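Enquirer: Hey, dropping run_27.cif in here, mmCIF, C-alpha atoms:
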```cif
data_input
#
loop_
_atom_site.label_atom_id
_atom_site.label_comp_id
_atom_site.auth_asym_id
_atom_site.auth_seq_id
_atom_site.Cartn_x
_atom_site.Cartn_y
_atom_site.Cartn_z
CA LEU A 246 -18.97 10.63 16.18
CA MET A 247 -16.47 7.93 15.22
CA VAL A 248 -13.52 9.95 16.49
CA PRO A 249 -14.69 10.39 20.12
CA MET A 250 -15.71 6.71 20.20
CA MET A 251 -12.25 5.60 19.08
CA ILE A 252 -10.56 7.95 21.55
CA TYR A 253 -12.61 7.10 24.65
CA LEU A 254 -13.77 3.54 23.98
CA LEU A 255 -10.91 2.08 21.95
CA ASN A 256 -8.16 4.15 23.58
CA LEU A 257 -6.71 5.27 20.26
CA SER A 258 -4.71 8.48 20.18
CA PRO A 259 -6.50 11.48 18.62
CA LYS A 260 -4.06 11.36 15.69
CA ILE A 261 -4.79 7.70 14.89
CA ALA A 262 -8.52 8.14 15.57
CA THR A 263 -8.89 11.09 13.18
CA GLY A 264 -6.76 9.41 10.51
CA THR A 265 -8.75 6.17 10.74
CA SER A 266 -12.04 8.06 10.64
CA LEU A 267 -10.95 9.94 7.52
CA PHE A 268 -10.05 6.64 5.81
CA VAL A 269 -13.46 5.15 6.69
CA ILE A 270 -15.17 8.26 5.29
CA PHE A 271 -13.18 7.90 2.06
CA LEU A 272 -14.25 4.27 1.60
CA SER A 273 -17.91 4.91 2.40
CA SER A 274 -18.05 8.04 0.22
CA MET A 275 -17.11 6.01 -2.86
CA PHE A 276 -20.46 4.22 -2.85
CA THR A 277 -22.62 7.27 -2.10
CA ASN A 278 -20.72 9.36 -4.64
CA PHE A 279 -21.28 6.94 -7.53
CA ALA A 280 -24.95 6.61 -6.60
CA TYR A 281 -25.45 10.38 -6.73
CA ILE A 282 -23.62 10.62 -10.06
CA ARG A 283 -25.96 8.00 -11.55
CA GLN A 284 -28.89 10.09 -10.35
CA LYS A 285 -27.35 13.14 -12.10
CA ARG A 286 -27.56 15.15 -8.88
CA VAL A 287 -23.91 16.20 -8.78
CA ASP A 288 -23.04 19.72 -9.93
CA PHE A 289 -19.53 19.18 -11.24
CA LEU A 290 -18.83 22.92 -11.32
CA ILE A 291 -19.39 23.11 -7.55
CA VAL A 292 -17.22 20.01 -7.12
CA ALA A 293 -14.45 21.53 -9.27
CA ILE A 294 -14.48 24.88 -7.44
CA CYS A 295 -14.49 23.26 -4.01
CA SER A 296 -11.91 20.61 -4.84
CA ILE A 297 -9.41 23.14 -6.19
CA PHE A 298 -9.34 24.84 -2.80
CA SER A 299 -10.31 22.06 -0.39
CA ILE A 300 -7.61 19.60 -1.53
CA PRO A 301 -4.67 21.92 -0.67
CA ALA A 302 -6.43 22.72 2.61
CA SER A 303 -6.77 18.99 3.23
CA ILE A 304 -3.03 18.51 2.69
CA TYR A 305 -2.27 21.31 5.15
CA GLY A 306 -4.77 19.87 7.65
CA SER A 307 -3.05 16.48 7.47
CA TYR A 308 0.30 18.16 8.08
CA LEU A 309 -1.14 19.96 11.12
CA ALA A 310 -2.40 16.62 12.44
CA PHE A 311 1.19 15.37 12.20
CA ILE A 312 2.93 18.27 13.96
CA LEU A 313 0.32 19.17 16.60
CA SER A 314 0.12 17.30 19.89
CA SER A 315 -2.69 14.82 20.55
CA THR A 316 -4.01 17.05 23.34
CA ILE A 317 -4.34 20.05 21.05
CA ILE A 318 -6.06 17.96 18.37
CA ARG A 319 -8.52 16.53 20.92
CA LYS A 320 -9.40 19.95 22.33
CA ALA A 321 -9.64 21.50 18.87
CA PHE A 322 -11.96 18.69 17.78
CA GLY A 323 -14.11 19.32 20.87
CA ALA A 324 -14.31 23.01 19.97
CA TYR A 325 -15.33 22.04 16.44
CA LEU A 326 -18.13 19.84 17.82
CA ILE A 327 -19.39 22.77 19.91
CA PHE A 328 -19.35 24.95 16.78
CA ILE A 329 -21.27 22.31 14.79
CA SER A 330 -23.89 21.88 17.55
CA ILE A 331 -24.58 25.62 17.50
CA PHE A 332 -24.39 25.85 13.72
CA MET A 333 -27.00 23.08 13.37
CA ASN A 334 -29.53 25.21 15.22
CA VAL A 335 -28.88 28.47 13.37
CA SER A 336 -28.22 27.20 9.82
CA ASN A 337 -31.93 27.28 8.92
CA LYS A 338 -32.07 30.93 9.98
CA LEU A 339 -29.27 31.85 7.58
CA THR A 340 -31.80 32.03 4.75
CA LYS A 341 -32.98 35.35 6.24
CA PHE A 342 -29.65 36.91 5.24
CA LYS A 343 -29.63 38.14 1.65
CA TYR A 344 -25.98 37.52 0.87
CA LYS A 345 -24.75 39.03 -2.41
CA ASP A 346 -21.65 37.32 -3.77
CA PRO A 347 -19.17 39.22 -5.98
CA VAL A 348 -19.21 36.35 -8.49
CA GLU A 349 -22.30 34.28 -9.26
CA VAL A 350 -22.75 31.60 -11.92
CA ARG A 351 -26.20 30.54 -13.07
CA ARG A 352 -26.78 26.77 -13.23
CA ASN A 353 -29.46 24.43 -14.59
CA ILE A 354 -29.34 20.76 -13.59
CA ASN A 355 -31.60 18.03 -14.95
CA SER A 356 -31.56 15.11 -12.52
CA GLU A 357 -33.63 12.02 -11.82
CA VAL A 358 -35.35 13.84 -8.94
CA GLY A 359 -36.22 16.96 -10.92
CA THR A 360 -34.92 20.03 -12.75
CA PHE A 361 -33.15 22.69 -10.68
CA SER A 362 -32.18 26.28 -11.49
CA TYR A 363 -29.97 28.26 -9.12
CA SER A 364 -26.83 30.36 -8.87
CA ILE A 365 -23.47 29.34 -7.42
CA LYS A 366 -22.01 32.01 -5.14
CA VAL A 367 -18.38 31.44 -6.08
CA PHE A 368 -16.57 33.47 -3.39
CA LEU A 369 -18.69 31.97 -0.60
CA THR A 370 -18.16 28.48 -2.01
CA VAL A 371 -14.37 28.98 -2.08
CA ILE A 372 -14.20 30.16 1.54
CA THR A 373 -16.44 27.28 2.66
CA SER A 374 -14.39 24.67 0.80
CA ILE A 375 -11.12 25.86 2.38
CA PHE A 376 -12.57 25.58 5.88
CA ALA A 377 -14.21 22.22 5.12
CA GLY A 378 -11.02 20.75 3.61
CA LEU A 379 -8.92 21.84 6.57
CA ALA A 380 -11.43 20.51 9.12
CA SER A 381 -11.89 17.27 7.19
CA ALA A 382 -8.22 16.30 7.20
CA LEU A 383 -7.41 17.62 10.67
CA PHE A 384 -10.41 16.12 12.48
CA GLY A 385 -11.13 13.09 10.30
CA ILE A 386 -14.63 14.22 9.31
CA GLY A 387 -16.49 14.50 6.03
CA GLY A 388 -16.90 18.25 5.85
CA GLY A 389 -20.50 17.96 4.70
CA THR A 390 -21.71 19.37 8.04
CA VAL A 391 -20.34 22.71 6.87
CA ILE A 392 -20.64 22.55 3.08
CA VAL A 393 -24.29 21.47 2.82
CA PRO A 394 -25.82 24.08 5.20
CA ILE A 395 -23.79 26.91 3.61
CA LEU A 396 -24.62 25.89 0.04
CA SER A 397 -28.31 25.40 0.77
CA SER A 398 -28.89 28.31 3.19
CA LEU A 399 -26.70 31.14 1.88
CA SER A 400 -26.00 30.09 -1.70
CA TYR A 401 -29.56 28.73 -2.18
CA VAL A 402 -28.37 25.57 -3.92
CA PRO A 403 -31.22 22.99 -3.76
CA ILE A 404 -30.64 20.48 -0.97
CA HIS A 405 -30.71 17.53 -3.42
CA ILE A 406 -27.83 19.09 -5.37
CA ALA A 407 -25.97 20.32 -2.28
CA THR A 408 -25.87 16.91 -0.56
CA ALA A 409 -24.88 15.05 -3.74
CA SER A 410 -22.17 17.55 -4.70
CA SER A 411 -20.89 17.51 -1.12
CA ALA A 412 -20.43 13.73 -1.36
CA SER A 413 -18.18 14.15 -4.41
CA ILE A 414 -16.16 16.87 -2.69
CA ILE A 415 -15.76 14.67 0.39
CA PHE A 416 -14.56 11.81 -1.82
CA PHE A 417 -11.65 13.85 -3.21
CA THR A 418 -10.67 15.61 0.02
CA SER A 419 -10.81 12.39 2.07
CA LEU A 420 -8.80 10.57 -0.63
CA VAL A 421 -5.98 13.11 -0.41
CA GLY A 422 -6.26 13.38 3.35
CA SER A 423 -6.17 9.59 3.78
CA ALA A 424 -3.09 9.35 1.55
CA MET A 425 -1.36 11.95 3.73
CA ARG A 426 -2.40 10.19 6.94
CA LEU A 427 -1.15 6.88 5.53
CA HIS A 428 2.18 8.56 4.82
CA PHE A 429 2.32 9.67 8.46
CA ASN A 430 1.28 6.17 9.63
CA GLN A 431 -1.89 7.48 11.29
CA ILE A 432 -4.45 4.88 10.12
CA ASP A 433 -5.50 1.77 12.06
CA PHE A 434 -6.74 -0.51 9.25
CA LEU A 435 -8.19 -3.19 11.54
CA THR A 436 -10.31 -0.60 13.36
CA ALA A 437 -11.33 0.93 10.03
CA LEU A 438 -12.52 -2.46 8.74
CA SER A 439 -14.45 -3.10 11.97
CA LEU A 440 -16.14 0.30 11.71
CA LEU A 441 -17.16 -0.30 8.10
CA ILE A 442 -18.70 -3.67 9.00
CA GLY A 443 -20.50 -2.15 11.98
CA MET A 444 -21.82 0.76 9.91
CA LEU A 445 -23.91 -1.54 7.70
CA PRO A 446 -26.44 -2.70 10.34
CA GLY A 447 -25.97 0.52 12.32
CA THR A 448 -27.25 2.73 9.52
CA GLN A 449 -30.31 0.50 9.08
CA ILE A 450 -31.14 0.61 12.80
CA GLY A 451 -30.56 4.36 12.91
CA ALA A 452 -32.83 4.90 9.90
CA LYS A 453 -35.67 2.98 11.60
CA ILE A 454 -35.28 4.93 14.85
CA SER A 455 -35.14 8.27 13.04
CA LYS A 456 -38.50 7.54 11.37
CA LYS A 457 -40.15 7.55 14.80
CA ILE A 458 -38.70 10.92 15.79
CA SER A 459 -39.52 14.24 14.15
CA SER A 460 -36.62 15.86 12.29
CA LYS A 461 -36.79 18.90 14.57
CA ASN A 462 -36.55 16.84 17.78
CA LEU A 463 -33.89 14.56 16.28
CA SER A 464 -31.77 17.56 15.33
CA LEU A 465 -32.22 19.12 18.78
CA VAL A 466 -31.29 15.94 20.67
CA PHE A 467 -28.29 15.32 18.43
CA SER A 468 -27.02 18.90 18.72
CA ILE A 469 -27.29 18.80 22.54
CA PHE A 470 -25.41 15.51 22.66
CA VAL A 471 -22.70 16.87 20.34
CA PHE A 472 -22.41 20.05 22.44
CA ILE A 473 -21.95 18.05 25.67
CA LEU A 474 -19.43 15.72 24.02
CA GLY A 475 -17.50 18.65 22.58
CA THR A 476 -17.41 20.42 25.94
CA TYR A 477 -16.13 17.24 27.59
CA MET A 478 -13.33 16.91 25.03
CA VAL A 479 -12.28 20.51 25.55
CA VAL A 480 -12.39 20.49 29.36
CA ILE A 481 -11.16 16.98 30.21
#
```
Starting from the coordinates I provided, produce the structure as structure tokens.
Expert:
Amino acid sequence: LMVPMMIYLLNLSPKIATGTSLFVIFLSSMFTNFAYIRQKRVDFLIVAICSIFSIPASIYGSYLAFILSSTIIRKAFGAYLIFISIFMNVSNKLTKFKYKDPVEVRRNINSEVGTFSYSIKVFLTVITSIFAGLASALFGIGGGTVIVPILSSLSYVPIHIATASSASIIFFTSLVGSAMRLHFNQIDFLTALSLLIGMLPGTQIGAKISKKISSKNLSLVFSIFVFILGTYMVVI
């Protein structure tokens, strides 16, 4: 939710807000990515497949952010928030669909949290990575909101592997996207630094609050808030 905050509270243009958000995501993903790698939770085949397709999509998304008007970007971001709010409530139900991918690769991962055996649905992973890379660069988001639910619900990748692999994918896509945004002069470094400093105590406070709320209620409240915010960005 960094982008709406920067647009409505800091009066940054949607282009600068999304570019700054993407840069913050890149910096924060470095730490989480290395932590997951040490835990041996990253499936580098998933990362390789996704990065091959998400990085070009990220470059194209950055170019779209340069040529599109701020109004279009703001409304498109609002529509994306509406999509995410709905997707959050139906992603768990996706496991009911028995999706058969044309190409599947069997994987075995030995990590610090356990041993996992599963299959990568290659075609589904490619399509997901293209969409995630485009959305990441255009809207200044991580892309994990799409990658993780798809990998875990339809591709049946264990959540521990899906979240860790997603962090590595986000690192590469946000790196390329941030470089493109820097080229287009769409990053406010002072705001980015302030956000990074504020995220440190903010994550701790949020973690304590989340412990007092059930995951189901937390997800419901968050999805409603995101839906209202997205509608506001589209309409106003």
Enquirer: Looking at all atoms listed in the file, which of A:Ala409, A:Val480, A:Ile327, A:Ile252 is the one that sits closest to A:Val358?
Expert: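 The shortest atom-to-atom distance to A:Val358 comes from A:Ala409.
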Enquirer: Between atom CA of A:Ser364 and atom CA of A:Arg283, measure the distance and give it in Å to one decimal.
Expert: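 Distance reported for this atom pair: 22.5 Å.
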Enquirer: Selection in question (the file shown): the PyMOL selection byres ((chain A and resi 398-402) around 12). Which residues does it include, as a CSV table (one decimal) with C-alpha atoms, keeping the file's coordinate frame?
Expert:
```
chain,number,residue,atom,x,y,z
A,286,ARG,CA,-27.6,15.2,-8.9
A,287,VAL,CA,-23.9,16.2,-8.8
A,288,ASP,CA,-23.0,19.7,-9.9
A,291,ILE,CA,-19.4,23.1,-7.6
A,332,PHE,CA,-24.4,25.8,13.7
A,333,MET,CA,-27.0,23.1,13.4
A,335,VAL,CA,-28.9,28.5,13.4
A,336,SER,CA,-28.2,27.2,9.8
A,337,ASN,CA,-31.9,27.3,8.9
A,338,LYS,CA,-32.1,30.9,10.0
A,339,LEU,CA,-29.3,31.8,7.6
A,340,THR,CA,-31.8,32.0,4.8
A,341,LYS,CA,-33.0,35.4,6.2
A,342,PHE,CA,-29.6,36.9,5.2
A,343,LYS,CA,-29.6,38.1,1.6
A,344,TYR,CA,-26.0,37.5,0.9
A,345,LYS,CA,-24.8,39.0,-2.4
A,346,ASP,CA,-21.6,37.3,-3.8
A,348,VAL,CA,-19.2,36.4,-8.5
A,349,GLU,CA,-22.3,34.3,-9.3
A,350,VAL,CA,-22.8,31.6,-11.9
A,351,ARG,CA,-26.2,30.5,-13.1
A,352,ARG,CA,-26.8,26.8,-13.2
A,353,ASN,CA,-29.5,24.4,-14.6
A,354,ILE,CA,-29.3,20.8,-13.6
A,361,PHE,CA,-33.2,22.7,-10.7
A,362,SER,CA,-32.2,26.3,-11.5
A,363,TYR,CA,-30.0,28.3,-9.1
A,364,SER,CA,-26.8,30.4,-8.9
A,365,ILE,CA,-23.5,29.3,-7.4
A,366,LYS,CA,-22.0,32.0,-5.1
A,367,VAL,CA,-18.4,31.4,-6.1
A,368,PHE,CA,-16.6,33.5,-3.4
A,369,LEU,CA,-18.7,32.0,-0.6
A,370,THR,CA,-18.2,28.5,-2.0
A,371,VAL,CA,-14.4,29.0,-2.1
A,373,THR,CA,-16.4,27.3,2.7
A,391,VAL,CA,-20.3,22.7,6.9
A,392,ILE,CA,-20.6,22.6,3.1
A,393,VAL,CA,-24.3,21.5,2.8
A,394,PRO,CA,-25.8,24.1,5.2
A,395,ILE,CA,-23.8,26.9,3.6
A,396,LEU,CA,-24.6,25.9,0.0
A,397,SER,CA,-28.3,25.4,0.8
A,403,PRO,CA,-31.2,23.0,-3.8
A,404,ILE,CA,-30.6,20.5,-1.0
A,405,HIS,CA,-30.7,17.5,-3.4
A,406,ILE,CA,-27.8,19.1,-5.4
A,407,ALA,CA,-26.0,20.3,-2.3
A,408,THR,CA,-25.9,16.9,-0.6
A,409,ALA,CA,-24.9,15.0,-3.7
A,410,SER,CA,-22.2,17.6,-4.7
A,411,SER,CA,-20.9,17.5,-1.1
```
Enquirer: So which one's closest to A:Gly378, A:Phe467, A:Phe434, A:Phe328, A:Tyr305? Using all atoms listed in the file, please.
Expert: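 Result for the nearest residue to A:Gly378: A:Tyr305.
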Enquirer: Within 10 Å of A:Ile386, counting all atoms listed in the file, which residues qualify if same-chain residues fewer than 6 places away don't, as a compact mmCIF listing (two decimals) with C-alpha atoms, in the coordinates of the input?
Expert:
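Once everything was written out, this is out_25.txt:
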```
# COMPACT_ATOMS: atom_id res chain seq x y z
CA LEU A 246 -18.97 10.63 16.18
CA MET A 247 -16.47 7.93 15.22
CA VAL A 248 -13.52 9.95 16.49
CA THR A 263 -8.89 11.09 13.18
CA GLY A 264 -6.76 9.41 10.51
CA SER A 266 -12.04 8.06 10.64
CA LEU A 267 -10.95 9.94 7.52
CA PHE A 268 -10.05 6.64 5.81
CA VAL A 269 -13.46 5.15 6.69
CA ILE A 270 -15.17 8.26 5.29
CA PHE A 271 -13.18 7.90 2.06
CA PHE A 322 -11.96 18.69 17.78
CA ALA A 377 -14.21 22.22 5.12
CA GLY A 378 -11.02 20.75 3.61
CA LEU A 379 -8.92 21.84 6.57
CA ALA A 380 -11.43 20.51 9.12
CA ILE A 415 -15.76 14.67 0.39
CA SER A 419 -10.81 12.39 2.07
```
Enquirer: In Å, rounded to a single decimal, give me how far atom CA of A:Phe470 is from atom CA of A:Leu420.
Expert: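 Those two atoms sit 29.0 Å apart.
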Enquirer: Calculated over only C-alpha atoms, which of the candidates A:Ala293, A:Ile331, A:Ile469, A:Ala302 has the smallest distance to A:Met425?
Expert: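 Using only C-alpha atoms, the shortest distance to A:Met425 belongs to A:Ala302.
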Enquirer: Tell me which residues the PyMOL selection byres ((chain A and resi 318) around 12) grabs here, as JSON, numbers by chain.
Expert: {"A": [248, 249, 252, 258, 259, 260, 261, 262, 263, 264, 306, 307, 309, 310, 311, 312, 313, 314, 315, 316, 317, 319, 320, 321, 322, 323, 324, 325, 380, 382, 383, 384, 385, 478, 479]}
Enquirer: In terms of the shortest atom-to-atom distance over only C-alpha atoms, which of A:Asn355, A:Ser330, A:Ser374, A:Ser274 is closest to A:Phe298?
Expert: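 That would be A:Ser374, the residue with the smallest distance to A:Phe298.
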Enquirer: I'd like the interatomic distance between atom CA of A:Ile432 and atom CA of A:Ile473, to a tenth of an Å.
Expert: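 Separation of atom CA of A:Ile432 and atom CA of A:Ile473: 26.9 Å.
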Enquirer: Determine the nearest neighbour of A:Thr265 from the options A:Leu441, A:Leu326, A:Leu474, A:Val466, counting all atoms listed in the file.
Expert: A:Leu441
Enquirer: I'd like to know which of A:Ala424, A:Leu254, A:Met275, A:Ile372 is closest to A:Ile294, using only C-alpha atoms.
Expert: A:Ile372
